[in-house]
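> Got a file for you: work.cif, mmCIF, C-alpha atoms; chains and numbers go by the auth columns.
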data_run
loop_
_atom_site.group_PDB
_atom_site.id
_atom_site.type_symbol
_atom_site.label_atom_id
_atom_site.label_comp_id
_atom_site.label_asym_id
_atom_site.label_seq_id
_atom_site.Cartn_x
_atom_site.Cartn_y
_atom_site.Cartn_z
_atom_site.B_iso_or_equiv
_atom_site.auth_seq_id
_atom_site.auth_asym_id
ATOM 1 C CA MET A 1 0.000 0.000 0.000 0.00 876 A
ATOM 2 C CA PHE A 2 2.735 2.487 0.972 0.00 877 A
ATOM 3 C CA ILE A 3 4.892 1.657 -2.058 0.00 878 A
ATOM 4 C CA TRP A 4 1.885 1.865 -4.368 0.00 879 A
ATOM 5 C CA THR A 5 1.061 5.379 -3.148 0.00 880 A
ATOM 6 C CA LEU A 6 4.635 6.546 -3.678 0.00 881 A
ATOM 7 C CA VAL A 7 4.977 5.085 -7.166 0.00 882 A
ATOM 8 C CA THR A 8 1.530 6.060 -8.465 0.00 883 A
ATOM 9 C CA ARG A 9 0.973 9.179 -6.342 0.00 884 A
ATOM 10 C CA GLY A 10 -2.415 7.590 -5.722 0.00 885 A
ATOM 11 C CA GLU A 11 -4.663 7.576 -2.704 0.00 886 A
ATOM 12 C CA HIS A 12 -3.817 4.810 -0.227 0.00 887 A
ATOM 13 C CA LEU A 13 -7.468 3.829 0.090 0.00 888 A
ATOM 14 C CA PHE A 14 -7.425 2.639 -3.535 0.00 889 A
ATOM 15 C CA ALA A 15 -4.182 0.670 -3.322 0.00 890 A
ATOM 16 C CA PRO A 16 -4.509 -2.981 -4.297 0.00 891 A
ATOM 17 C CA ARG A 17 -3.934 -5.436 -1.452 0.00 892 A
ATOM 18 C CA PRO A 18 -3.410 -8.848 -3.080 0.00 893 A
ATOM 19 C CA LEU A 19 -1.764 -10.432 -0.024 0.00 894 A
ATOM 20 C CA GLU A 20 -4.660 -9.406 2.161 0.00 895 A
ATOM 21 C CA ALA A 21 -7.186 -10.648 -0.400 0.00 896 A
ATOM 22 C CA ALA A 22 -5.559 -14.084 -0.354 0.00 897 A
ATOM 23 C CA GLN A 23 -6.018 -14.444 3.418 0.00 898 A
ATOM 24 C CA PRO A 24 -8.978 -16.025 5.217 0.00 899 A
ATOM 25 C CA THR A 25 -11.817 -13.640 6.067 0.00 900 A
ATOM 26 C CA GLU A 26 -10.900 -13.352 9.764 0.00 901 A
ATOM 27 C CA ILE A 27 -7.314 -12.377 8.884 0.00 902 A
ATOM 28 C CA GLN A 28 -8.571 -9.825 6.347 0.00 903 A
ATOM 29 C CA GLN A 29 -10.720 -8.299 9.082 0.00 904 A
ATOM 30 C CA GLU A 30 -7.767 -8.102 11.482 0.00 905 A
ATOM 31 C CA TRP A 31 -5.603 -6.447 8.828 0.00 906 A
ATOM 32 C CA ALA A 32 -8.389 -3.987 7.991 0.00 907 A
ATOM 33 C CA ALA A 33 -8.649 -3.044 11.678 0.00 908 A
ATOM 34 C CA ARG A 34 -4.920 -2.182 11.748 0.00 909 A
ATOM 35 C CA ARG A 35 -4.617 -0.521 8.345 0.00 910 A
ATOM 36 C CA ASN A 36 -5.380 3.027 9.529 0.00 911 A
ATOM 37 C CA THR A 37 -2.915 2.751 12.416 0.00 912 A
ATOM 38 C CA ALA A 38 -0.133 1.593 10.119 0.00 913 A
ATOM 39 C CA TRP A 39 -0.930 4.311 7.569 0.00 914 A
ATOM 40 C CA PHE A 40 -0.894 6.936 10.329 0.00 915 A
ATOM 41 C CA GLN A 41 2.551 5.776 11.468 0.00 916 A
ATOM 42 C CA PHE A 42 3.950 5.821 7.908 0.00 917 A
ATOM 43 C CA SER A 43 2.565 9.258 7.117 0.00 918 A
ATOM 44 C CA ARG A 44 3.235 11.174 10.339 0.00 919 A
ATOM 45 C CA PRO A 45 6.329 13.424 10.513 0.00 920 A
ATOM 46 C CA ASP A 46 7.704 11.706 13.630 0.00 921 A
ATOM 47 C CA PRO A 47 6.840 7.990 13.363 0.00 922 A
ATOM 48 C CA LEU A 48 7.973 5.427 15.882 0.00 923 A
ATOM 49 C CA ARG A 49 11.513 4.241 15.169 0.00 924 A
ATOM 50 C CA HIS A 50 10.656 0.932 13.490 0.00 925 A
ATOM 51 C CA TYR A 51 8.067 2.653 11.275 0.00 926 A
ATOM 52 C CA ALA A 52 10.603 5.355 10.381 0.00 927 A
ATOM 53 C CA ASP A 53 13.180 2.709 9.449 0.00 928 A
ATOM 54 C CA LEU A 54 10.643 0.745 7.421 0.00 929 A
ATOM 55 C CA ARG A 55 9.385 3.916 5.729 0.00 930 A
ATOM 56 C CA ARG A 56 12.950 4.781 4.679 0.00 931 A
ATOM 57 C CA LEU A 57 13.516 1.297 3.222 0.00 932 A
ATOM 58 C CA LEU A 58 10.160 1.248 1.428 0.00 933 A
ATOM 59 C CA THR A 59 10.697 4.753 0.051 0.00 934 A
ATOM 60 C CA ASN A 60 14.082 3.748 -1.379 0.00 935 A
ATOM 61 C CA TYR A 61 12.519 0.644 -2.914 0.00 936 A
ATOM 62 C CA ALA A 62 9.642 2.679 -4.398 0.00 937 A
ATOM 63 C CA GLN A 63 12.106 5.123 -5.964 0.00 938 A
ATOM 64 C CA ARG A 64 14.062 2.263 -7.575 0.00 939 A
ATOM 65 C CA LEU A 65 10.850 0.637 -8.761 0.00 940 A
ATOM 66 C CA ALA A 66 9.562 3.886 -10.300 0.00 941 A
ATOM 67 C CA ARG A 67 12.931 4.459 -11.991 0.00 942 A
ATOM 68 C CA ASP A 68 12.891 0.918 -13.402 0.00 943 A
ATOM 69 C CA ILE A 69 9.326 1.337 -14.652 0.00 944 A
ATOM 70 C CA ASP A 70 10.150 4.708 -16.215 0.00 945 A
ATOM 71 C CA SER A 71 13.261 3.337 -17.917 0.00 946 A
ATOM 72 C CA CYS A 72 11.007 0.900 -19.819 0.00 947 A
ATOM 73 C CA ALA A 73 8.485 3.584 -20.785 0.00 948 A
ATOM 74 C CA GLY A 74 7.538 3.250 -24.434 0.00 949 A
ATOM 75 C CA GLN A 75 9.120 -0.176 -24.791 0.00 950 A
ATOM 76 C CA ILE A 76 7.105 -3.201 -25.777 0.00 951 A
ATOM 77 C CA ILE A 77 7.212 -5.694 -22.946 0.00 952 A
ATOM 78 C CA ASN A 78 7.244 -9.375 -23.843 0.00 953 A
ATOM 79 C CA ILE A 79 4.949 -10.969 -21.273 0.00 954 A
ATOM 80 C CA SER A 80 6.271 -14.450 -22.058 0.00 955 A
ATOM 81 C CA THR A 81 9.621 -13.531 -20.458 0.00 956 A
ATOM 82 C CA PHE A 82 8.064 -12.649 -17.100 0.00 957 A
ATOM 83 C CA GLY A 83 9.097 -15.211 -14.564 0.00 958 A
ATOM 84 C CA ASN A 84 12.273 -16.153 -16.435 0.00 959 A
ATOM 85 C CA HIS A 85 14.646 -14.457 -14.065 0.00 960 A
ATOM 86 C CA PRO A 86 18.394 -15.068 -14.198 0.00 961 A
ATOM 87 C CA GLN A 87 19.529 -17.640 -11.663 0.00 962 A
#
In structure tokens, how does this file's structure come out?


Amino acid sequence: MFIWTLVTRGEHLFAPRPLEAAQPTEIQQEWAARRNTAWFQFSRPDPLRHYADLRRLLTNYAQRLARDIDSCAGQIINISTFGNHPQ
């Protein structure tokens, strides 16, 4: 969710949550109950230390991801090569 908002500049409420969707209903409900707390910690100017550290790591990752996506802008992507990562 946090990475999605940084890369797309989108609203966190609309971020896809595929891991959550794959969980049993009771787990989805528990995650939903904590989502606003986690978002508050990521977005506040003085988050708790572990949230600040995680935010820094996720922000760096989002910047690399956006750069990688932008570097392929306009290129035709061959879907058949997805999943064939170098060993």

> Nearest to A:Arg910: which of A:Ala937, A:Val882, A:Leu923, A:Met876 is it, counting all atoms listed in the file?

A:Met876

> Please give the centre and size of the box around stretch 887-900 of chain A (axis-aligned, containing every atom listed in the file, 5 Å added per side), with values in Å to one decimal and written as AutoDock Vina command-line options.


--center_x -6.8 --center_y -5.6 --center_z 0.9 --size_x 20.1 --size_y 30.8 --size_z 20.4

> Tell me which protein, DNA and RNA residues are within 12 Å of A:Pro891, counting only C-alpha atoms, leaving out same-chain ones fewer than 3 positions away, and put them as a list in words.

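That gives Met876, Phe877, Ile878, Trp879, Thr880, Thr883, Gly885, Glu886, His887, Leu888, Leu894, Glu895, Ala896 and Ala897 of chain A.
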
> What gap, in Å, lies between atom CA of A:Trp914 and atom CA of A:Asp945?

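For atom CA of A:Trp914 relative to atom CA of A:Asp945, the distance reads 26.2 Å.
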
> Just want the 9 Å neighbourhood of stretch 924-930 of chain A, counted on all atoms listed in the file, with same-chain residues fewer than 5 positions away dropped. Output as a PyMOL selection string.

chain A and resi 877+913+916-918+935

> Write stretch 926-951 of chain A as an mmCIF file, in the coordinates of the input, completed to N, CA and C atoms.


data_model
loop_
_atom_site.group_PDB
_atom_site.id
_atom_site.type_symbol
_atom_site.label_atom_id
_atom_site.label_comp_id
_atom_site.auth_asym_id
_atom_site.auth_seq_id
_atom_site.Cartn_x
_atom_site.Cartn_y
_atom_site.Cartn_z
ATOM 1 N N TYR A 926 8.815 2.171 12.432
ATOM 2 C CA TYR A 926 8.067 2.653 11.275
ATOM 3 C C TYR A 926 8.929 3.614 10.448
ATOM 4 N N ALA A 927 9.719 4.439 11.099
ATOM 5 C CA ALA A 927 10.603 5.355 10.381
ATOM 6 C C ALA A 927 11.632 4.576 9.566
ATOM 7 N N ASP A 928 12.205 3.535 10.167
ATOM 8 C CA ASP A 928 13.180 2.709 9.449
ATOM 9 C C ASP A 928 12.522 2.003 8.265
ATOM 10 N N LEU A 929 11.347 1.433 8.493
ATOM 11 C CA LEU A 929 10.643 0.745 7.421
ATOM 12 C C LEU A 929 10.231 1.721 6.327
ATOM 13 N N ARG A 930 9.771 2.900 6.718
ATOM 14 C CA ARG A 930 9.385 3.916 5.729
ATOM 15 C C ARG A 930 10.569 4.281 4.846
ATOM 16 N N ARG A 931 11.743 4.448 5.448
ATOM 17 C CA ARG A 931 12.950 4.781 4.679
ATOM 18 C C ARG A 931 13.269 3.673 3.671
ATOM 19 N N LEU A 932 13.234 2.425 4.117
ATOM 20 C CA LEU A 932 13.516 1.297 3.222
ATOM 21 C C LEU A 932 12.485 1.199 2.099
ATOM 22 N N LEU A 933 11.215 1.339 2.442
ATOM 23 C CA LEU A 933 10.160 1.248 1.428
ATOM 24 C C LEU A 933 10.205 2.413 0.449
ATOM 25 N N THR A 934 10.568 3.587 0.930
ATOM 26 C CA THR A 934 10.697 4.753 0.051
ATOM 27 C C THR A 934 11.828 4.546 -0.947
ATOM 28 N N ASN A 935 12.961 4.044 -0.471
ATOM 29 C CA ASN A 935 14.082 3.748 -1.379
ATOM 30 C C ASN A 935 13.680 2.716 -2.423
ATOM 31 N N TYR A 936 12.978 1.671 -1.983
ATOM 32 C CA TYR A 936 12.519 0.644 -2.914
ATOM 33 C C TYR A 936 11.556 1.234 -3.942
ATOM 34 N N ALA A 937 10.616 2.061 -3.494
ATOM 35 C CA ALA A 937 9.642 2.679 -4.398
ATOM 36 C C ALA A 937 10.339 3.561 -5.431
ATOM 37 N N GLN A 938 11.361 4.277 -5.019
ATOM 38 C CA GLN A 938 12.106 5.123 -5.964
ATOM 39 C C GLN A 938 12.803 4.280 -7.026
ATOM 40 N N ARG A 939 13.414 3.168 -6.606
ATOM 41 C CA ARG A 939 14.062 2.263 -7.575
ATOM 42 C C ARG A 939 13.031 1.649 -8.508
ATOM 43 N N LEU A 940 11.907 1.237 -7.960
ATOM 44 C CA LEU A 940 10.850 0.637 -8.761
ATOM 45 C C LEU A 940 10.330 1.632 -9.792
ATOM 46 N N ALA A 941 10.056 2.853 -9.384
ATOM 47 C CA ALA A 941 9.562 3.886 -10.300
ATOM 48 C C ALA A 941 10.596 4.167 -11.388
ATOM 49 N N ARG A 942 11.863 4.229 -11.011
ATOM 50 C CA ARG A 942 12.931 4.459 -11.991
ATOM 51 C C ARG A 942 12.985 3.314 -13.003
ATOM 52 N N ASP A 943 12.868 2.073 -12.509
ATOM 53 C CA ASP A 943 12.891 0.918 -13.402
ATOM 54 C C ASP A 943 11.692 0.918 -14.343
ATOM 55 N N ILE A 944 10.530 1.260 -13.813
ATOM 56 C CA ILE A 944 9.326 1.337 -14.652
ATOM 57 C C ILE A 944 9.496 2.427 -15.701
ATOM 58 N N ASP A 945 9.973 3.596 -15.286
ATOM 59 C CA ASP A 945 10.150 4.708 -16.215
ATOM 60 C C ASP A 945 11.198 4.412 -17.281
ATOM 61 N N SER A 946 12.206 3.638 -16.943
ATOM 62 C CA SER A 946 13.261 3.337 -17.917
ATOM 63 C C SER A 946 12.742 2.435 -19.034
ATOM 64 N N CYS A 947 11.624 1.755 -18.799
ATOM 65 C CA CYS A 947 11.007 0.900 -19.819
ATOM 66 C C CYS A 947 9.857 1.600 -20.521
ATOM 67 N N ALA A 948 9.613 2.858 -20.199
ATOM 68 C CA ALA A 948 8.485 3.584 -20.785
ATOM 69 C C ALA A 948 8.616 3.600 -22.301
ATOM 70 N N GLY A 949 7.551 3.247 -22.978
ATOM 71 C CA GLY A 949 7.538 3.250 -24.434
ATOM 72 C C GLY A 949 8.059 1.975 -25.048
ATOM 73 N N GLN A 950 8.624 1.087 -24.263
ATOM 74 C CA GLN A 950 9.120 -0.176 -24.791
ATOM 75 C C GLN A 950 7.996 -1.198 -24.797
ATOM 76 N N ILE A 951 8.063 -2.091 -25.743
ATOM 77 C CA ILE A 951 7.105 -3.201 -25.777
ATOM 78 C C ILE A 951 7.640 -4.271 -24.845
#
